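Student: Next comes target20.tsv, TSV, C-alpha atoms:
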```tsv
chain	number	residue	atom	x	y	z
A	1459	MET	CA	92.30	120.47	112.50
A	1460	GLY	CA	94.99	122.10	114.58
A	1461	ARG	CA	94.35	124.46	117.48
A	1462	SER	CA	96.48	127.21	115.95
A	1463	ARG	CA	93.34	128.64	114.35
A	1464	ARG	CA	90.25	129.59	116.28
A	1465	THR	CA	87.01	128.21	114.95
A	1466	ILE	CA	84.12	130.40	113.84
A	1467	PRO	CA	81.89	129.22	116.73
A	1468	GLU	CA	84.61	130.24	119.18
A	1469	GLU	CA	85.02	133.64	117.54
A	1470	LEU	CA	81.27	134.25	117.42
A	1471	LEU	CA	81.00	133.49	121.14
A	1472	LEU	CA	83.96	135.73	121.99
A	1473	LEU	CA	82.32	138.54	120.00
A	1474	ALA	CA	79.11	138.08	121.98
A	1475	LEU	CA	80.87	138.06	125.36
A	1476	ASP	CA	80.46	141.37	127.16
A	1477	PRO	CA	83.77	142.25	128.84
A	1478	THR	CA	81.98	144.36	131.47
A	1479	THR	CA	79.24	142.00	132.61
A	1480	GLY	CA	80.80	138.66	131.70
A	1481	THR	CA	77.54	137.60	130.04
A	1482	THR	CA	76.72	136.94	126.41
A	1483	ALA	CA	74.62	139.23	124.24
A	1484	GLN	CA	71.60	137.75	122.44
A	1485	PRO	CA	71.66	134.49	124.43
A	1486	GLN	CA	68.46	133.09	122.90
A	1487	SER	CA	69.61	133.43	119.30
A	1488	LEU	CA	73.27	132.69	120.02
A	1489	ASP	CA	72.68	128.93	120.23
A	1490	LEU	CA	71.21	129.07	116.71
A	1491	GLY	CA	74.20	131.08	115.52
A	1492	LEU	CA	76.65	128.63	117.05
A	1493	ALA	CA	74.91	125.72	115.29
A	1494	GLY	CA	75.22	127.65	112.04
A	1495	ALA	CA	78.84	128.51	112.77
A	1496	GLN	CA	79.60	124.81	113.15
A	1497	LEU	CA	78.24	124.22	109.65
A	1498	VAL	CA	80.43	126.97	108.22
A	1499	GLU	CA	83.52	125.63	109.98
A	1500	LEU	CA	82.84	122.10	108.74
A	1501	ALA	CA	82.38	123.44	105.21
A	1502	LEU	CA	85.69	125.30	105.38
A	1503	ALA	CA	87.29	122.05	106.56
A	1504	GLY	CA	85.91	120.26	103.48
A	1505	ARG	CA	83.63	117.95	105.47
A	1506	ILE	CA	80.27	119.26	104.25
A	1507	ALA	CA	79.02	121.26	101.30
A	1508	PRO	CA	75.82	123.14	100.44
A	1509	ASP	CA	73.34	121.37	98.17
A	1510	GLY	CA	70.73	123.99	97.41
A	1511	ASP	CA	69.25	124.83	100.79
A	1512	ARG	CA	70.52	121.54	102.19
A	1513	ILE	CA	73.77	120.41	103.77
A	1514	ALA	CA	75.53	117.28	102.50
A	1515	VAL	CA	78.39	115.41	104.15
A	1516	VAL	CA	81.15	114.99	101.56
A	1517	MET	CA	83.94	113.73	103.84
A	1518	PRO	CA	83.01	112.07	107.15
A	1519	ARG	CA	86.59	111.94	108.42
A	1520	PRO	CA	86.84	113.65	111.85
A	1521	THR	CA	88.42	117.09	112.07
A	1522	GLY	CA	90.07	116.52	115.44
A	1523	ASP	CA	87.83	119.07	117.14
A	1524	PRO	CA	85.48	117.06	119.43
A	1525	THR	CA	82.68	119.62	119.35
A	1526	LEU	CA	82.69	119.90	115.57
A	1527	ASP	CA	83.08	116.16	115.14
A	1528	SER	CA	79.99	115.56	117.25
A	1529	ALA	CA	78.01	117.75	114.84
A	1530	LEU	CA	79.60	116.05	111.84
A	1531	GLU	CA	78.65	112.61	113.14
A	1532	LEU	CA	75.05	113.70	113.69
A	1533	LEU	CA	74.93	114.99	110.12
A	1534	ARG	CA	76.43	111.74	108.82
A	1535	ARG	CA	73.81	109.69	110.63
A	1536	ARG	CA	71.06	111.53	108.80
A	1537	GLY	CA	72.09	109.57	105.70
A	1538	SER	CA	70.90	112.24	103.27
A	1539	PRO	CA	71.34	115.99	102.93
A	1540	VAL	CA	69.48	117.94	105.60
A	1541	ARG	CA	67.93	121.36	105.19
A	1542	ALA	CA	69.99	124.03	106.93
A	1543	VAL	CA	66.88	125.44	108.61
A	1544	HIS	CA	66.02	121.97	109.97
A	1545	TRP	CA	69.49	121.49	111.40
A	1546	ILE	CA	69.78	124.94	112.96
A	1547	GLY	CA	66.22	124.84	114.26
A	1548	GLY	CA	66.67	121.42	115.86
A	1549	PRO	CA	67.43	120.80	119.54
A	1550	ARG	CA	70.41	123.03	120.30
A	1551	LEU	CA	69.77	123.79	123.96
A	1552	GLY	CA	73.00	124.18	125.88
A	1553	LEU	CA	75.27	124.74	122.89
A	1554	ARG	CA	76.33	128.11	124.28
A	1555	GLN	CA	77.32	126.52	127.60
A	1556	ILE	CA	79.16	123.74	125.79
A	1557	TYR	CA	81.26	126.29	123.94
A	1558	LEU	CA	81.83	128.42	127.04
A	1559	ALA	CA	83.17	125.32	128.80
A	1560	HIS	CA	85.23	124.55	125.70
A	1561	LEU	CA	86.75	128.06	125.70
A	1562	GLU	CA	87.52	127.68	129.39
A	1563	ARG	CA	89.34	124.40	128.79
A	1564	CYS	CA	91.30	126.06	125.99
A	1565	GLY	CA	92.28	128.89	128.31
A	1566	MET	CA	90.47	131.60	126.32
A	1567	VAL	CA	88.07	132.51	129.14
A	1568	HIS	CA	87.86	131.89	132.86
A	1569	ALA	CA	84.69	131.43	134.90
A	1570	VAL	CA	83.88	133.79	137.76
A	1571	ALA	CA	81.33	132.50	140.28
A	1572	GLY	CA	78.87	134.92	141.80
A	1573	GLN	CA	75.35	135.31	143.14
A	1574	MET	CA	72.21	137.01	141.93
A	1575	CYS	CA	70.27	138.87	144.64
A	1576	GLY	CA	72.70	137.33	147.12
A	1577	VAL	CA	71.08	133.92	146.70
A	1578	LEU	CA	71.05	132.44	143.20
A	1579	PRO	CA	74.45	131.18	142.01
A	1580	THR	CA	75.64	132.68	138.72
A	1581	THR	CA	78.68	132.27	136.51
A	1582	ARG	CA	80.27	135.05	134.48
A	1583	TYR	CA	83.00	134.54	131.90
A	1584	GLN	CA	85.93	136.85	131.35
A	1585	ALA	CA	88.29	136.64	128.41
A	1586	THR	CA	91.79	135.72	129.55
A	1587	ASP	CA	93.39	137.54	126.63
A	1588	THR	CA	91.46	140.60	125.48
A	1589	ALA	CA	93.86	140.95	122.54
A	1590	ILE	CA	92.12	137.97	120.91
A	1591	SER	CA	88.71	139.65	121.11
A	1592	ARG	CA	90.20	142.92	119.85
A	1593	GLU	CA	91.75	141.14	116.86
A	1594	ILE	CA	88.43	139.48	115.95
A	1595	ARG	CA	86.61	142.80	116.25
A	1596	ALA	CA	89.31	144.56	114.21
A	1597	ARG	CA	88.75	142.17	111.29
A	1598	LEU	CA	85.07	143.03	111.23
A	1599	ASP	CA	85.78	146.74	111.60
A	1600	SER	CA	88.26	146.62	108.73
A	1601	ALA	CA	85.81	144.83	106.43
A	1602	ILE	CA	83.12	147.38	107.28
A	1603	ARG	CA	85.37	150.43	107.01
A	1604	THR	CA	87.33	149.61	103.86
A	1605	GLY	CA	84.64	147.89	101.82
A	1606	VAL	CA	87.26	145.38	100.63
A	1607	PRO	CA	85.73	141.89	100.31
A	1608	PRO	CA	86.82	139.99	103.43
A	1609	ASP	CA	88.21	136.48	103.57
A	1610	PRO	CA	85.59	133.70	103.81
A	1611	ARG	CA	86.03	133.24	107.56
A	1612	THR	CA	85.50	136.91	108.32
A	1613	ALA	CA	82.59	137.13	105.88
A	1614	ALA	CA	80.88	134.15	107.51
A	1615	LEU	CA	81.52	135.55	110.99
A	1616	ALA	CA	79.98	138.87	109.93
A	1617	ALA	CA	76.95	137.11	108.44
A	1618	LEU	CA	76.36	135.14	111.63
A	1619	ALA	CA	76.93	138.17	113.87
A	1620	HIS	CA	74.22	139.98	111.92
A	1621	ALA	CA	71.90	136.96	111.93
A	1622	VAL	CA	71.92	136.58	115.73
A	1623	GLY	CA	71.53	140.31	116.33
A	1624	LEU	CA	75.02	141.20	117.53
A	1625	GLY	CA	75.05	144.33	115.36
A	1626	LYS	CA	73.47	146.44	118.10
A	1627	HIS	CA	75.90	144.99	120.63
A	1628	LEU	CA	78.96	145.70	118.48
A	1629	TYR	CA	77.82	148.98	116.92
A	1630	PRO	CA	75.22	150.51	119.25
A	1631	GLY	CA	73.10	153.61	118.92
A	1632	ASN	CA	72.38	155.91	116.01
A	1633	GLU	CA	76.08	156.39	115.39
A	1634	GLY	CA	76.42	152.66	114.71
A	1635	ARG	CA	73.56	152.47	112.23
A	1636	SER	CA	75.71	152.66	109.10
A	1637	SER	CA	78.13	150.06	110.50
A	1638	ARG	CA	75.23	147.72	111.25
A	1639	SER	CA	74.00	148.17	107.70
A	1640	ARG	CA	77.42	147.36	106.25
A	1641	LEU	CA	77.74	144.37	108.59
A	1642	ARG	CA	74.50	143.05	107.10
A	1643	ASP	CA	75.82	143.62	103.59
A	1644	LEU	CA	78.87	141.41	104.24
A	1645	ILE	CA	76.52	138.41	104.18
A	1646	ARG	CA	76.87	138.21	100.39
A	1647	HIS	CA	80.61	137.52	100.42
A	1648	ASP	CA	80.45	133.88	101.56
A	1649	PRO	CA	77.83	131.50	100.09
A	1650	MET	CA	77.91	129.05	103.00
A	1651	GLY	CA	77.88	131.83	105.57
A	1652	GLY	CA	74.96	133.42	103.76
A	1653	LEU	CA	73.05	130.14	103.63
A	1654	VAL	CA	73.34	129.45	107.35
A	1655	ALA	CA	72.79	133.09	108.33
A	1656	HIS	CA	69.52	133.16	106.41
A	1657	ALA	CA	68.56	129.83	108.02
A	1658	VAL	CA	69.26	131.29	111.48
A	1659	MET	CA	67.04	134.27	110.69
A	1660	ASP	CA	64.32	132.01	109.25
A	1661	VAL	CA	64.22	129.98	112.46
A	1662	GLN	CA	63.99	133.13	114.56
A	1663	ASN	CA	61.20	134.46	112.35
A	1664	GLY	CA	59.20	131.27	112.82
A	1665	VAL	CA	59.50	129.95	109.27
A	1666	ALA	CA	57.90	126.49	109.19
A	1667	ALA	CA	60.35	123.61	109.25
A	1668	GLN	CA	58.76	121.70	106.38
A	1669	PRO	CA	59.43	122.74	102.78
A	1670	ARG	CA	56.51	124.60	101.26
A	1671	ARG	CA	55.97	121.87	98.67
A	1672	ASP	CA	55.38	119.35	101.47
A	1673	ARG	CA	52.51	121.36	102.89
A	1674	ALA	CA	49.04	121.79	101.48
A	1675	PRO	CA	48.92	125.30	100.00
A	1676	ALA	CA	46.90	127.75	102.03
A	1677	ALA	CA	43.63	128.60	100.34
A	1678	PRO	CA	43.01	132.26	99.56
A	1679	PRO	CA	40.56	133.99	101.93
A	1680	ALA	CA	37.66	133.84	99.46
A	1681	ALA	CA	38.13	130.13	98.93
A	1682	ARG	CA	38.43	129.41	102.67
A	1683	ALA	CA	35.18	131.23	103.40
A	1684	THR	CA	33.03	128.66	101.60
A	1685	ALA	CA	30.93	125.67	102.52
A	1686	ASN	CA	29.83	123.07	100.00
A	1687	GLY	CA	31.12	125.32	97.26
A	1688	VAL	CA	28.92	128.29	98.28
A	1689	PRO	CA	30.55	131.37	99.82
A	1690	LEU	CA	29.63	131.61	103.49
A	1691	GLN	CA	28.69	135.25	103.15
A	1692	ALA	CA	26.23	134.34	100.38
A	1693	ARG	CA	24.80	131.52	102.53
A	1694	ARG	CA	24.33	133.90	105.47
A	1695	THR	CA	22.67	136.51	103.22
A	1696	GLY	CA	20.32	133.92	101.79
A	1697	ALA	CA	19.39	132.64	105.23
A	1698	MET	CA	18.63	136.15	106.42
A	1699	ALA	CA	16.43	136.78	103.37
A	1700	ARG	CA	14.47	133.57	103.95
A	1701	ALA	CA	13.96	134.44	107.61
A	1702	ALA	CA	12.67	137.88	106.66
A	1703	ALA	CA	10.24	136.33	104.17
A	1704	HIS	CA	8.70	134.25	106.94
```
Please express what this file holds, its structure, as structure tokens.
Tutor:
Amino acid sequence: MGRSRRTIPEELLLLALDPTTGTTAQPQSLDLGLAGAQLVELALAGRIAPDGDRIAVVMPRPTGDPTLDSALELLRRRGSPVRAVHWIGGPRLGLRQIYLAHLERCGMVHAVAGQMCGVLPTTRYQATDTAISREIRARLDSAIRTGVPPDPRTAALAALAHAVGLGKHLYPGNEGRSSRSRLRDLIRHDPMGGLVAHAVMDVQNGVAAQPRRDRAPAAPPAARATANGVPLQARRTGAMARAAAH
């Protein structure tokens, strides 16, 4: 994979980077989004493919991108298709910092050292070429404004931006409400992007990692409130009646 084309994880991170503060919006969910963006990029490169709600490796050959190839190798080692929600919800701590360092090495951002409260060291990141961020944003704006189905990369980027909550960062306030709604609607234009975006949102919403069929079904309230086959309320009523009789 050549470096002439930016990857979706890189574009998602550049979208999240605030040019004023040098920090990233939605930092907690951004790691999940970057893990999902890696899946989309690998799918576009023909290395993986969706299999229901699972991800299967179809070509283990490296892409040439070290960060993506690390993810591809981890998927290959699984030996069988993995559920997207399992993969995205797995240990992904530090993925945002990995990509920030990656963008710095590529010359897309530069780190600015600082201090918080005059004591704690901090690092802010500024885009070295704001035209790149403007071009990425323009693609989203065009897809939202025109209603023309976007290309798969833009559709997947829009789906992930919505999934991690960047809508309010990109289109703030009441005036951005319709744009946020249309950003959400773009999720349907790319099957892989839609799959991983829904997985990102499922993880954030606390959806259990195990498939429902692997878990014992929850008993309805009436069934749970029983003991030895007798409803607990009936047992308590009977006990009270016996006590009154004595």
Student: Applying 9 Å and all atoms listed in the file, which residues near Arg1642 in chain A remain after dropping the ones on its own chain fewer than 2 positions away? List them as a ChimeraX atom specification.
Tutor: /A:1616-1617,1619-1621,1625,1637-1640,1644-1646
Student: Quick one: everything within 12 Å of Glu1531 in chain A, counting only C-alpha atoms, minus sequence neighbours fewer than 3 positions away in the same chain. Send it as a PyMOL selection string.
Tutor: chain A and resi 1500+1505-1506+1515+1517-1521+1523-1528+1534-1537
Student: Which value, in Å to one decimal, gives the distance between CA of Arg1463 in chain A and CA of Leu1641 in chain A?
Tutor: 22.9 Å
Student: Write out as number ranges by chain each polymer residue whose atoms come within 12 Å of His1656 in chain A, counting all atoms listed in the file; drop sequence neighbours fewer than 5 positions from it.
Tutor: A: 1490-1491, 1494, 1511, 1541-1543, 1546-1547, 1614, 1617-1622, 1642, 1645-1646, 1648-1651, 1661-1663, 1665
Student: Could you name the residues that touch range 1486-1488 of chain A at 12 Å or less, counting only C-alpha atoms, but leaving out those on the same chain fewer than 4 positions away, as number ranges by chain?
Tutor: A: 1467-1468, 1470-1475, 1481-1482, 1492-1495, 1546-1547, 1550-1555, 1557-1558, 1618-1624, 1655, 1657-1663
Student: If I take CA of Ala1613 in chain A and CA of Arg1563 in chain A, how far is one from the other in Å, to one decimal?
Tutor: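 According to the coordinates, CA of Ala1613 in chain A and CA of Arg1563 in chain A are separated by 27.1 Å.
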Student: Between CA of Asp1476 in chain A and CA of Leu1598 in chain A, what is the spacing in Å?
Tutor: 16.7 Å
Student: Axis-aligned box over every listed atom of range 1551-1559 of chain A, padded by 8 Å per side: centre and edges in Å to one decimal, as JSON?
Tutor:
```
{"center_x": 76.5, "center_y": 126.1, "center_z": 125.8, "size_x": 29.4, "size_y": 20.7, "size_z": 21.9}
```
Student: Of the candidates A:Ile1466, A:Ala1596, A:Val1516, A:Ala1529, which one gets nearest to Glu1499 in chain A if we count all atoms listed in the file?
Tutor: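 Closest to Glu1499 in chain A, using all atoms listed in the file: A:Ile1466.
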Student: Using only C-alpha atoms, pick whichever of A:Thr1479, A:Asn1632, A:Thr1465, A:Ser1538 has the shortest atom-to-atom distance to Val1570 in chain A.
Tutor: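 Among A:Thr1479, A:Asn1632, A:Thr1465, A:Ser1538, it is A:Thr1479 that comes nearest to Val1570 in chain A.
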Student: Tell me which residues come within 6 Å of (85.3, 139.4, 133.7), as a list in words, counting only C-alpha atoms in the file's coordinates.
Tutor: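 In the file's frame, the residues around the point are Pro1477, Gly1480, Tyr1583 and Gln1584 of chain A.
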